[in-house]
Each structure stands twice: as structure tokens, then as C-alpha cells.
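Structure file my_file_7.csv (CSV, C-alpha atoms and all ligand atoms) follows.
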```
chain,number,residue,atom,x,y,z
Q,937,MET,CA,83.4,66.9,98.8
Q,938,ALA,CA,85.6,69.2,100.9
Q,939,THR,CA,84.5,70.7,104.2
Q,940,LEU,CA,83.4,74.4,103.6
Q,941,ILE,CA,85.3,76.9,105.7
Q,942,ASP,CA,82.6,79.3,106.8
Q,943,GLY,CA,84.3,82.6,107.1
Q,944,LYS,CA,81.1,84.5,107.5
Q,945,ALA,CA,80.1,82.5,110.7
Q,946,PHE,CA,83.7,82.6,112.0
Q,947,ALA,CA,83.8,86.4,111.5
Q,948,ALA,CA,80.5,86.8,113.3
Q,949,SER,CA,81.6,84.9,116.3
Q,950,LEU,CA,85.0,86.7,116.3
Q,951,ARG,CA,83.2,90.1,116.3
Q,952,GLU,CA,81.0,88.9,119.2
Q,953,ARG,CA,84.0,87.9,121.2
Q,954,ILE,CA,85.7,91.3,120.4
Q,955,ALA,CA,82.5,93.1,121.5
Q,956,GLY,CA,82.7,91.3,124.9
Q,957,GLU,CA,86.4,92.2,125.3
Q,958,THR,CA,85.7,95.8,124.2
Q,959,ALA,CA,83.1,96.1,127.0
Q,960,GLY,CA,85.7,94.9,129.4
Q,961,PHE,CA,88.3,97.4,128.1
Q,962,THR,CA,85.8,100.2,128.4
Q,963,ALA,CA,84.8,99.2,132.0
Q,964,LYS,CA,88.5,99.1,132.9
Q,965,THR,CA,89.7,102.3,131.3
Q,966,GLY,CA,86.6,104.5,131.2
Q,967,ARG,CA,86.9,105.0,127.5
Q,968,LYS,CA,86.2,103.1,124.3
Q,969,PRO,CA,88.8,101.9,121.8
Q,970,GLY,CA,88.9,104.3,118.9
Q,971,LEU,CA,89.4,103.8,115.2
Q,972,ALA,CA,90.0,106.7,112.8
Q,973,VAL,CA,89.2,106.0,109.2
Q,974,VAL,CA,90.4,108.5,106.5
Q,975,LEU,CA,88.7,108.5,103.1
Q,976,VAL,CA,90.0,110.8,100.4
Q,977,GLY,CA,87.8,111.3,97.3
Q,978,GLU,CA,84.7,109.6,96.0
Q,979,ASP,CA,85.8,106.1,95.0
Q,980,ALA,CA,82.6,104.1,95.1
Q,981,ALA,CA,84.0,100.8,96.5
Q,982,SER,CA,86.0,102.7,99.2
Q,983,GLN,CA,82.8,104.4,100.3
Q,984,VAL,CA,81.1,101.1,100.8
Q,985,TYR,CA,84.2,99.7,102.8
Q,986,VAL,CA,84.4,102.8,105.0
Q,987,ARG,CA,80.7,102.6,105.8
Q,988,SER,CA,81.0,98.9,106.7
Q,989,LYS,CA,84.0,99.6,108.9
Q,990,HIS,CA,82.1,102.4,110.7
Q,991,LYS,CA,79.1,100.2,111.3
Q,992,ALA,CA,81.3,97.3,112.6
Q,993,CYS,CA,83.1,99.6,115.0
Q,994,ILE,CA,79.9,100.9,116.5
Q,995,ALA,CA,78.4,97.4,116.7
Q,996,ALA,CA,81.6,96.2,118.6
Q,997,GLY,CA,81.3,99.1,121.1
Q,998,MET,CA,84.2,101.1,119.7
Q,999,GLU,CA,84.4,104.7,118.8
Q,1000,SER,CA,84.6,105.5,115.1
Q,1001,PHE,CA,86.1,108.7,113.8
Q,1002,GLU,CA,85.4,109.2,110.1
Q,1003,HIS,CA,87.4,111.8,108.1
Q,1004,ARG,CA,86.1,112.4,104.6
Q,1005,LEU,CA,88.3,114.7,102.5
Q,1006,PRO,CA,87.7,115.9,98.9
Q,1007,ALA,CA,89.6,114.3,96.1
Q,1008,ASP,CA,91.6,117.5,95.5
Q,1009,THR,CA,93.0,117.6,99.1
Q,1010,ALA,CA,96.6,118.6,99.2
Q,1011,GLU,CA,99.0,115.8,100.3
Q,1012,ALA,CA,100.4,118.2,103.0
Q,1013,ASP,CA,96.9,118.6,104.5
Q,1014,LEU,CA,96.4,114.8,104.5
Q,1015,LEU,CA,99.8,114.4,106.2
Q,1016,SER,CA,98.9,116.9,108.8
Q,1017,LEU,CA,95.6,115.1,109.5
Q,1018,VAL,CA,97.6,111.9,110.0
Q,1019,ALA,CA,99.9,113.7,112.4
Q,1020,GLN,CA,97.0,115.0,114.3
Q,1021,LEU,CA,95.5,111.5,114.6
Q,1022,ASN,CA,98.9,110.1,115.7
Q,1023,GLY,CA,98.7,112.6,118.6
Q,1024,ASP,CA,95.1,112.1,119.5
Q,1025,ALA,CA,94.7,110.1,122.7
Q,1026,ARG,CA,91.2,108.9,121.8
Q,1027,VAL,CA,92.5,107.3,118.6
Q,1028,ASP,CA,94.0,103.8,119.0
Q,1029,GLY,CA,94.0,102.8,115.3
Q,1030,ILE,CA,94.4,104.8,112.1
Q,1031,LEU,CA,93.3,103.5,108.6
Q,1032,VAL,CA,93.8,105.5,105.5
Q,1033,GLN,CA,91.6,103.9,102.9
Q,1034,LEU,CA,93.4,103.0,99.6
Q,1035,PRO,CA,93.5,103.8,96.8
Q,1036,LEU,CA,94.3,107.5,97.3
Q,1037,PRO,CA,93.4,109.9,94.4
Q,1038,GLU,CA,95.8,110.0,91.4
Q,1039,GLY,CA,98.9,112.0,92.1
Q,1040,MET,CA,99.1,111.4,95.9
Q,1041,ASP,CA,102.1,109.6,97.2
Q,1042,GLU,CA,100.4,106.6,99.0
Q,1043,ASN,CA,103.6,105.4,100.4
Q,1044,ALA,CA,104.4,108.8,102.1
Q,1045,VAL,CA,101.0,108.9,103.6
Q,1046,ILE,CA,101.1,105.3,104.9
Q,1047,GLN,CA,104.6,105.7,106.4
Q,1048,ALA,CA,103.4,108.8,108.3
Q,1049,ILE,CA,101.1,106.6,110.4
Q,1050,ASP,CA,102.5,105.9,113.9
Q,1051,PRO,CA,103.3,102.1,113.8
Q,1052,ASP,CA,101.7,101.7,117.2
Q,1053,LYS,CA,98.4,102.8,115.6
Q,1054,ASP,CA,98.9,101.1,112.2
Q,1055,VAL,CA,96.0,98.6,112.5
Q,1056,ASP,CA,96.2,98.0,108.7
Q,1057,GLY,CA,99.7,96.7,109.2
Q,1058,PHE,CA,100.8,98.6,106.0
Q,1059,THR,CA,103.8,100.6,107.3
Q,1060,THR,CA,107.4,99.4,106.8
Q,1061,ALA,CA,107.7,99.3,110.6
Q,1062,SER,CA,104.8,96.8,110.8
Q,1063,ALA,CA,106.2,94.7,108.0
Q,1064,GLY,CA,109.7,94.7,109.7
Q,1065,ARG,CA,108.2,93.7,113.1
Q,1066,LEU,CA,106.4,90.8,111.5
Q,1067,LEU,CA,109.5,89.7,109.7
Q,1068,THR,CA,111.7,89.8,112.8
Q,1069,GLY,CA,109.1,88.4,115.2
Q,1070,LEU,CA,108.4,91.6,117.2
Q,1071,PRO,CA,104.9,92.4,118.4
Q,1072,GLY,CA,103.1,94.6,115.9
Q,1073,PHE,CA,100.1,94.7,113.6
Q,1074,VAL,CA,99.5,92.3,110.8
Q,1075,ALA,CA,97.5,93.2,107.7
Q,1076,CYS,CA,93.9,92.2,108.2
Q,1077,THR,CA,93.4,89.9,105.2
Q,1078,PRO,CA,96.4,87.6,105.8
Q,1079,LEU,CA,95.6,87.6,109.6
Q,1080,GLY,CA,92.0,86.5,108.8
Q,1081,CYS,CA,93.4,83.7,106.6
Q,1082,LEU,CA,95.6,82.5,109.3
Q,1083,MET,CA,92.8,82.4,111.8
Q,1084,LEU,CA,90.7,80.3,109.4
Q,1085,LEU,CA,93.6,77.9,108.8
Q,1086,LYS,CA,94.3,77.4,112.6
Q,1087,ASP,CA,90.6,76.9,113.2
Q,1088,ALA,CA,90.4,74.3,110.4
Q,1089,LEU,CA,93.7,72.5,111.1
Q,1090,GLY,CA,94.9,73.3,114.6
Q,1091,ASP,CA,98.6,73.2,114.8
Q,1092,LEU,CA,100.2,74.1,111.4
Q,1093,SER,CA,103.7,73.2,112.4
Q,1094,GLY,CA,105.6,71.2,109.7
Q,1095,LYS,CA,103.0,71.6,107.1
Q,1096,SER,CA,104.0,72.6,103.6
Q,1097,ALA,CA,102.3,75.8,102.4
Q,1098,VAL,CA,102.2,77.5,99.0
Q,1099,VAL,CA,101.2,81.1,98.9
Q,1100,ILE,CA,100.3,82.2,95.3
Q,1101,GLY,CA,100.9,85.9,95.0
Q,1102,ARG,CA,103.6,88.2,96.4
Q,1103,SER,CA,101.8,91.5,97.2
Q,1104,ASN,CA,102.9,93.5,100.2
Q,1105,ILE,CA,99.3,93.5,101.5
Q,1106,VAL,CA,98.5,89.7,101.2
Q,1107,GLY,CA,101.1,87.4,99.8
Q,1108,LYS,CA,104.3,88.5,101.6
Q,1109,PRO,CA,102.7,88.9,105.1
Q,1110,MET,CA,100.8,85.6,104.6
Q,1111,ALA,CA,104.1,83.8,103.9
Q,1112,GLN,CA,105.6,85.4,107.1
Q,1113,LEU,CA,102.7,84.3,109.2
Q,1114,LEU,CA,102.9,80.8,108.0
Q,1115,LEU,CA,106.6,80.7,108.6
Q,1116,ARG,CA,105.9,82.0,112.1
Q,1117,GLU,CA,103.6,78.9,112.6
Q,1118,SER,CA,106.6,76.7,111.5
Q,1119,CYS,CA,105.2,75.8,108.0
Q,1120,THR,CA,107.6,75.2,105.2
Q,1121,VAL,CA,106.6,78.0,102.9
Q,1122,THR,CA,106.8,78.5,99.2
Q,1123,ILE,CA,105.9,81.8,97.6
Q,1124,ALA,CA,104.7,81.3,94.0
Q,1125,HIS,CA,104.0,84.0,91.5
Q,1126,SER,CA,103.6,84.8,87.8
Q,1127,ARG,CA,107.2,83.7,87.0
Q,1128,THR,CA,107.0,80.4,88.9
Q,1129,ARG,CA,108.0,77.7,86.4
Q,1130,ASP,CA,105.6,74.9,87.1
Q,1131,LEU,CA,102.8,76.3,89.2
Q,1132,PRO,CA,100.5,73.2,89.1
Q,1133,GLU,CA,103.4,71.0,90.3
Q,1134,THR,CA,104.4,73.5,93.0
Q,1135,VAL,CA,100.8,73.6,94.3
Q,1136,ARG,CA,100.5,69.8,94.2
Q,1137,GLY,CA,103.2,69.5,97.0
Q,1138,ALA,CA,101.2,71.7,99.4
Q,1139,ASP,CA,99.1,70.8,102.5
Q,1140,ILE,CA,98.0,74.4,102.6
Q,1141,VAL,CA,97.3,76.6,99.5
Q,1142,VAL,CA,96.6,80.3,99.8
Q,1143,ALA,CA,95.6,81.8,96.5
Q,1144,ALA,CA,96.0,85.6,96.2
Q,1145,VAL,CA,96.7,86.4,92.6
Q,1146,GLY,CA,93.6,88.2,91.4
Q,1147,ARG,CA,93.1,85.8,88.5
Q,1148,PRO,CA,89.6,84.3,88.2
Q,1149,GLU,CA,89.4,80.5,88.9
Q,1150,MET,CA,93.1,80.0,88.0
Q,1151,VAL,CA,93.9,77.2,90.5
Q,1152,LYS,CA,92.3,74.0,89.3
Q,1153,GLY,CA,91.3,70.9,91.3
Q,1154,ASP,CA,93.9,68.7,89.6
Q,1155,TRP,CA,96.6,71.0,90.8
Q,1156,LEU,CA,95.8,70.1,94.4
Q,1157,LYS,CA,97.1,67.5,96.7
Q,1158,PRO,CA,94.1,65.4,97.8
Q,1159,GLY,CA,92.9,66.6,101.2
Q,1160,ALA,CA,94.7,70.0,101.0
Q,1161,THR,CA,93.3,73.0,102.8
Q,1162,VAL,CA,92.6,75.8,100.3
Q,1163,ILE,CA,92.2,79.5,101.3
Q,1164,ASP,CA,90.9,81.6,98.4
Q,1165,VAL,CA,91.6,85.3,98.8
Q,1166,GLY,CA,90.4,86.2,95.3
Q,1167,ILE,CA,87.4,88.4,94.7
Q,1168,ASN,CA,86.9,88.6,90.9
Q,1169,ARG,CA,83.8,89.8,89.1
Q,1170,VAL,CA,83.2,87.8,85.9
Q,1171,PRO,CA,80.3,87.7,83.4
Q,1172,GLY,CA,77.4,85.6,84.8
Q,1173,GLU,CA,75.2,83.0,83.1
Q,1174,GLU,CA,72.5,85.6,82.3
Q,1175,GLU,CA,73.1,88.4,79.8
Q,1176,GLY,CA,74.3,91.6,81.5
Q,1177,LYS,CA,74.7,89.9,85.0
Q,1178,THR,CA,78.0,89.4,86.8
Q,1179,ARG,CA,79.0,86.9,89.5
Q,1180,LEU,CA,81.9,86.8,92.1
Q,1181,VAL,CA,84.5,84.1,91.8
Q,1182,GLY,CA,87.7,83.5,93.6
Q,1183,ASP,CA,91.2,82.7,92.3
Q,1184,VAL,CA,90.4,79.0,92.8
Q,1185,ASP,CA,88.1,77.0,90.4
Q,1186,PHE,CA,85.7,76.0,93.2
Q,1187,ALA,CA,83.8,73.5,91.1
Q,1188,SER,CA,86.8,71.3,90.5
Q,1189,ALA,CA,88.7,72.1,93.7
Q,1190,LYS,CA,85.9,71.1,96.1
Q,1191,ASP,CA,86.2,67.4,95.0
Q,1192,VAL,CA,89.9,67.2,95.8
Q,1193,ALA,CA,90.5,69.6,98.7
Q,1194,GLY,CA,90.0,68.5,102.3
Q,1195,ALA,CA,88.6,72.0,103.2
Q,1196,ILE,CA,88.1,75.1,101.2
Q,1197,THR,CA,86.8,78.7,101.6
Q,1198,PRO,CA,83.9,79.7,99.4
Q,1199,VAL,CA,83.7,83.0,97.5
Q,1200,PRO,CA,81.8,84.9,98.7
Q,1201,GLY,CA,81.6,84.0,102.4
Q,1202,GLY,CA,85.1,82.8,103.0
Q,1203,VAL,CA,88.0,85.2,103.5
Q,1204,GLY,CA,86.0,88.4,102.7
Q,1205,PRO,CA,84.1,88.7,106.0
Q,1206,MET,CA,87.2,88.1,108.1
Q,1207,THR,CA,88.9,91.4,107.0
Q,1208,ILE,CA,86.8,93.8,109.0
Q,1209,ALA,CA,86.6,91.4,112.0
Q,1210,CYS,CA,90.5,91.5,112.0
Q,1211,LEU,CA,90.5,95.3,111.8
Q,1212,LEU,CA,88.4,95.3,115.0
Q,1213,HIS,CA,90.8,92.7,116.5
Q,1214,ASN,CA,93.8,94.9,115.7
Q,1215,THR,CA,92.1,98.1,117.0
Q,1216,LEU,CA,91.4,96.4,120.3
Q,1217,ASP,CA,95.0,95.2,120.5
Q,1218,ALA,CA,96.2,98.7,119.8
Q,1219,ALA,CA,94.0,100.1,122.6
Q,1220,CYS,CA,95.1,97.4,125.1
Q,1221,ARG,CA,98.8,98.1,124.3
Q,1222,ARG,CA,98.5,101.8,124.6
Q,1223,GLU,CA,96.7,101.5,128.0
Q,1224,GLY,CA,98.8,98.6,129.3
Q,1225,VAL,CA,95.7,96.4,129.6
Q,1226,ASP,CA,96.2,92.6,129.4
Q,1227,ARG,CA,93.8,91.6,126.7
Q,1228,THR,CA,93.7,87.9,127.8
Q,1229,ALA,CA,92.2,89.1,131.1
Q,1230,LEU,CA,89.3,90.9,129.5
Q,1301,LIG,N1,91.4,99.3,100.3
Q,1301,LIG,C1,90.9,98.1,100.1
Q,1301,LIG,N2,91.1,97.3,101.1
Q,1301,LIG,C2,91.8,98.0,102.0
Q,1301,LIG,C3,92.3,97.8,103.3
Q,1301,LIG,O1,92.2,96.7,103.9
Q,1301,LIG,N3,92.9,98.9,104.0
Q,1301,LIG,C4,93.0,100.1,103.4
Q,1301,LIG,N4,93.6,101.0,104.0
Q,1301,LIG,N5,92.6,100.3,102.2
Q,1301,LIG,C5,91.9,99.3,101.5
```

Can I see the file as C-alpha cells?
Ligand code: GUN
Amino acid sequence: MATLIDGKAFAASLRERIAGETAGFTAKTGRKPGLAVVLVGEDAASQVYVRSKHKACIAAGMESFEHRLPADTAEADLLSLVAQLNGDARVDGILVQLPLPEGMDENAVIQAIDPDKDVDGFTTASAGRLLTGLPGFVACTPLGCLMLLKDALGDLSGKSAVVIGRSNIVGKPMAQLLLRESCTVTIAHSRTRDLPETVRGADIVVAAVGRPEMVKGDWLKPGATVIDVGINRVPGEEEGKTRLVGDVDFASAKDVAGAITPVPGGVGPMTIACLLHNTLDAACRREGVDRTAL
């Protein structure tokens, strides 16, 4: 049986460490790090996320600025709010919750965020910085996956890694992060010819495809480390009930993998902790504070 990678516990201790550093930042600068979160419309899942982000900010000792706009907000008004937040000295990080309502140009809104406040890591400037090795912000989910991998394995150098999925938010930045750690990286996707065979060569497997329980235990190299980014809701055992499953078939994978993240309780809790991590980084950079000294 594989070791369980406890993302929930790791995220809790990360948040505690960030709260300590945040107190140090506030003592040094006389102000709290600030995160602005913009929510447009009434999307139910987004409302839950935004609330959790707000609570996590407050718990870490940060300032949380919430901006809730109606679904029929004009794109120009949203862009002027982003411009205002870019210029607001109290705001270190800006997050525009996605998806935006139908008809809005998500890309135009995201690109309007000052890259030095882009704590989501979604702007092309942030993607380019990651690609070229410049300091910048990395999207929270892949950053959380990397932290779990380094905690489980230590040095990743020379390991072979397969990332399944090529999204801008997870797959592509994940592959870049692993490359930065000197892994040999393969990005697999829906057109990959022999996916089980590709996965079988990997010491590290990151599954981020959004297909319930797709990766089977017999695809894995024995002892591989498996990070499951999937959050899929499927029908449960009982009539009318649902359950959450990942992109990895946990039941078969746990007997082959060396270490594996569960769903829920693996990657999920890391995302908000990494958002706080990025926000504190943004605040330190803007104030010229050495975070390692906090
Ligand atoms: N919607 C779902 N997850 C995220 C996220 O991490 N950032 C933003 N901006 N929107 C999201």
C-alpha cells in the first residue's frame, strides 16, 4: 500500500507558517499584505471559493478586499476596477474569479492585471516569466503539487515525470515547474498514442485531465509518486448520492504507487494555501522585504 500524501495536513502547516511570516511582514512595514478578490455574477461554486479565500486571508493576518459585481457588469467597468486595484497601494495581489459571465472576454480581463500583482499566475507575463526562469508568480494548483512532490521525494533532479493534461492553468505550468527542478518531462494529452505505456515510464505522474478514475494501477511504474489533480463528481453507491473521485483510479493505484494523493484531501487544500503564499511574496517584493528573514 502506497504512502498517502496528506495535502490537508501539509496545507494547514503551510498556512500556519505563512501566518507567522505575515505577522513579521506587518511588524516590519506597518501594514498587512492585501489580496483583492473580484467576483462577477452568481456562480455558486465561485461564491464558495471566494468565501474560503476571504476566510483564509483573515486567518493568515492578511487584508482581504472583496469586490462583488452583478453578472450584467460591463466589461469596461470590470477593466476599470482592475486598473484601480493595480494602482491601489494596499493591494498586493489581485484575483479575478473565473469563470466570468458569458460574453465577457476573460483573456482581456486577466491580461489587465499588473503581473507584479498576478497572484493567480494567469497572465501571459507570468507564464513567460516561468518559462524563461524569471521571478514571477506560478499558478496555485501546480505550485501546490510541486510542494507536495518535493516534500515526498526531496530532490526531483533526474526523475522522469509525466504530466497528463495540457491546460494553461495546470498542465503547462506543472511541466515547466518540473523542468525547472531538472526532471525529464513528458506532457501527455488526449492525442497521446499509448498513454498507459507513457505513464509506465514515469517516476512522477501528475494527472490533470478531468476524467474520473482514468489512470489505472497497472499503468504505473511500481513505486511511482502520483499526484491527482482531478476533482470529479460521479454517482455514488446510494441512489441520488454523489461522490468525489480524482483522475486516478485510487483503488488500483494505491497498491502499485509508492506515494499517492487522495481525493479529497490531497491537492485541493493546497490551492488556497499557495494563494496566500503568492500574496505574501507579492507584498514582500513590493516592499523590498526579504521573506527569508521574516
Ligand atoms: N476558478 C476556479 N479556480 C480558480 C482559481 O484558482 N483562480 C481563479 N481566478 N478562478 C478560479

Which residues of chain Q come within 8 Å of ligand LIG 1301 (chain Q), and what is each one's closest atom pair and distance in Å (one decimal), counting only C-alpha atoms and all ligand atoms, sorted by chain and residue number, as a tab-separated table?
```
residue	atom	partner	partner_atom	distance
Q:Ser982	CA	Q:LIG1301	N1	6.5
Q:Tyr985	CA	Q:LIG1301	C1	7.4
Q:Leu1031	CA	Q:LIG1301	N4	5.2
Q:Val1032	CA	Q:LIG1301	N4	4.7
Q:Gln1033	CA	Q:LIG1301	N4	3.7
Q:Leu1034	CA	Q:LIG1301	N5	3.8
Q:Pro1035	CA	Q:LIG1301	N1	6.1
Q:Asp1056	CA	Q:LIG1301	N3	5.8
Q:Phe1058	CA	Q:LIG1301	N4	7.8
Q:Ala1075	CA	Q:LIG1301	O1	7.4
Q:Cys1076	CA	Q:LIG1301	O1	6.5
Q:Thr1077	CA	Q:LIG1301	O1	7.0
Q:Thr1207	CA	Q:LIG1301	O1	7.0
Q:Ile1208	CA	Q:LIG1301	O1	8.0
```

Taking only residues of stretch 1135-1157 of chain Q that have an atom at most 10 Å from an atom of stretch 1177-1187 of chain Q, what is each one's shortest atom pair and its distance in Å to one decimal, using all atoms listed in the file, in chain and number order, as a Markdown table?
```
| residue | atom | partner | partner_atom | distance |
| --- | --- | --- | --- | --- |
| Q:Val1141 | CA | Q:Val1184 | CA | 9.9 |
| Q:Val1142 | CA | Q:Val1184 | CA | 9.4 |
| Q:Ala1143 | CA | Q:Asp1183 | CA | 6.1 |
| Q:Ala1144 | CA | Q:Asp1183 | CA | 6.8 |
| Q:Val1145 | CA | Q:Asp1183 | CA | 6.6 |
| Q:Gly1146 | CA | Q:Asp1183 | CA | 6.1 |
| Q:Arg1147 | CA | Q:Asp1183 | CA | 5.3 |
| Q:Pro1148 | CA | Q:Asp1183 | CA | 4.7 |
| Q:Glu1149 | CA | Q:Asp1185 | CA | 4.0 |
| Q:Met1150 | CA | Q:Asp1183 | CA | 5.4 |
| Q:Val1151 | CA | Q:Val1184 | CA | 4.6 |
| Q:Lys1152 | CA | Q:Asp1185 | CA | 5.3 |
| Q:Gly1153 | CA | Q:Asp1185 | CA | 6.9 |
```

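The smallest atom-to-atom distance between Q:Met998 and any of Q:Thr1215, Q:Thr939, Q:Thr1161, Q:Gln1020, using all atoms listed in the file, is found for Q:Thr1215.
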
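With all atoms listed in the file as the atoms that count, the minimum distance from Q:Met1206 to the choices Q:Val1055, Q:Ala992, Q:Leu1084, Q:Ala1012 is reached by Q:Leu1084.
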
Fill in: Separation of atom CA of Q:Ile1196 from atom CA of Q:Cys993, in Å and rounded to one decimal
28.6 Å

Env of Q:Leu1131: 9 Å cut, atoms = only C-alpha atoms, seq-sep filter 6 positions within chain, self excluded. Answer as a PDB file with C-alpha atoms, in the coordinates of the input.
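Result went into part_38.pdb, see below:
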```
ATOM      1  CA  ILE Q1100     100.300  82.200  95.300  1.00  0.00           C
ATOM      2  CA  ALA Q1124     104.700  81.300  94.000  1.00  0.00           C
ATOM      3  CA  HIS Q1125     104.000  84.000  91.500  1.00  0.00           C
ATOM      4  CA  TRP Q1155      96.600  71.000  90.800  1.00  0.00           C
TER       5      TRP Q1155
END
```

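Comparing the minimum interatomic distances between Q:Ser1126 and each of Q:Arg1102, Q:Arg987, Q:Lys968, Q:Lys1086, counting only C-alpha atoms, we find that Q:Arg1102 sits nearest.
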
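For the choices Q:Lys1095, Q:His1003, Q:Lys1053, Q:Arg1116, the atom-to-atom distance to Q:Asp1024 is smallest for Q:Lys1053 when using all atoms listed in the file.
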
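With atom CA of Q:Gly1194 on one side and atom CA of Q:Cys1119 on the other, the separation reads 17.8 Å.
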
Practice prompt. List every protein, DNA or RNA residue that has an atom no more than 12 Å from (104.2, 84.4, 104.8) in the file's coordinate frame, counting only C-alpha atoms, and report them as a ChimeraX atom specification.
Written response: /Q:1063,1066-1067,1074-1075,1078-1079,1081-1082,1096-1124,1140-1142,1144

Response to the item:
What separates atom CA of Q:Asp1087 and atom CA of Q:Asp942 is a distance of 10.5 Å

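Of the listed residues (Q:Leu1015, Q:Ala995, Q:Leu1212, Q:Val1225), Q:Leu1015 comes nearest to Q:Glu1042; the distances count all atoms listed in the file.
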
Scan for residues within 9 Å of the point (90.5, 89.8, 131.1) in the coordinates of the file, using all atoms listed in the file, and reply as a PDB file with C-alpha atoms, in the coordinates of the input.
```
ATOM      1  CA  GLU Q 957      86.400  92.200 125.300  1.00  0.00           C
ATOM      2  CA  GLY Q 960      85.700  94.900 129.400  1.00  0.00           C
ATOM      3  CA  PHE Q 961      88.300  97.400 128.100  1.00  0.00           C
ATOM      4  CA  VAL Q1225      95.700  96.400 129.600  1.00  0.00           C
ATOM      5  CA  ASP Q1226      96.200  92.600 129.400  1.00  0.00           C
ATOM      6  CA  ARG Q1227      93.800  91.600 126.700  1.00  0.00           C
ATOM      7  CA  THR Q1228      93.700  87.900 127.800  1.00  0.00           C
ATOM      8  CA  ALA Q1229      92.200  89.100 131.100  1.00  0.00           C
ATOM      9  CA  LEU Q1230      89.300  90.900 129.500  1.00  0.00           C
TER      10      LEU Q1230
END
```

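Proximity ranking of Q:Asp1130, Q:Val1199, Q:Ala1044, Q:Asp1139 relative to Q:Leu1092 places Q:Asp1139 first, based on only C-alpha atoms.
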
Discussion item. Neighbouring residues of Q:Asp1013 were defined as those with any atom within 12 Å, considering only C-alpha atoms; residues of the same chain fewer than 6 positions away were excluded. Please report them as a ChimeraX atom specification.
Written reply: /Q:976,1005-1007,1019-1020,1040,1045
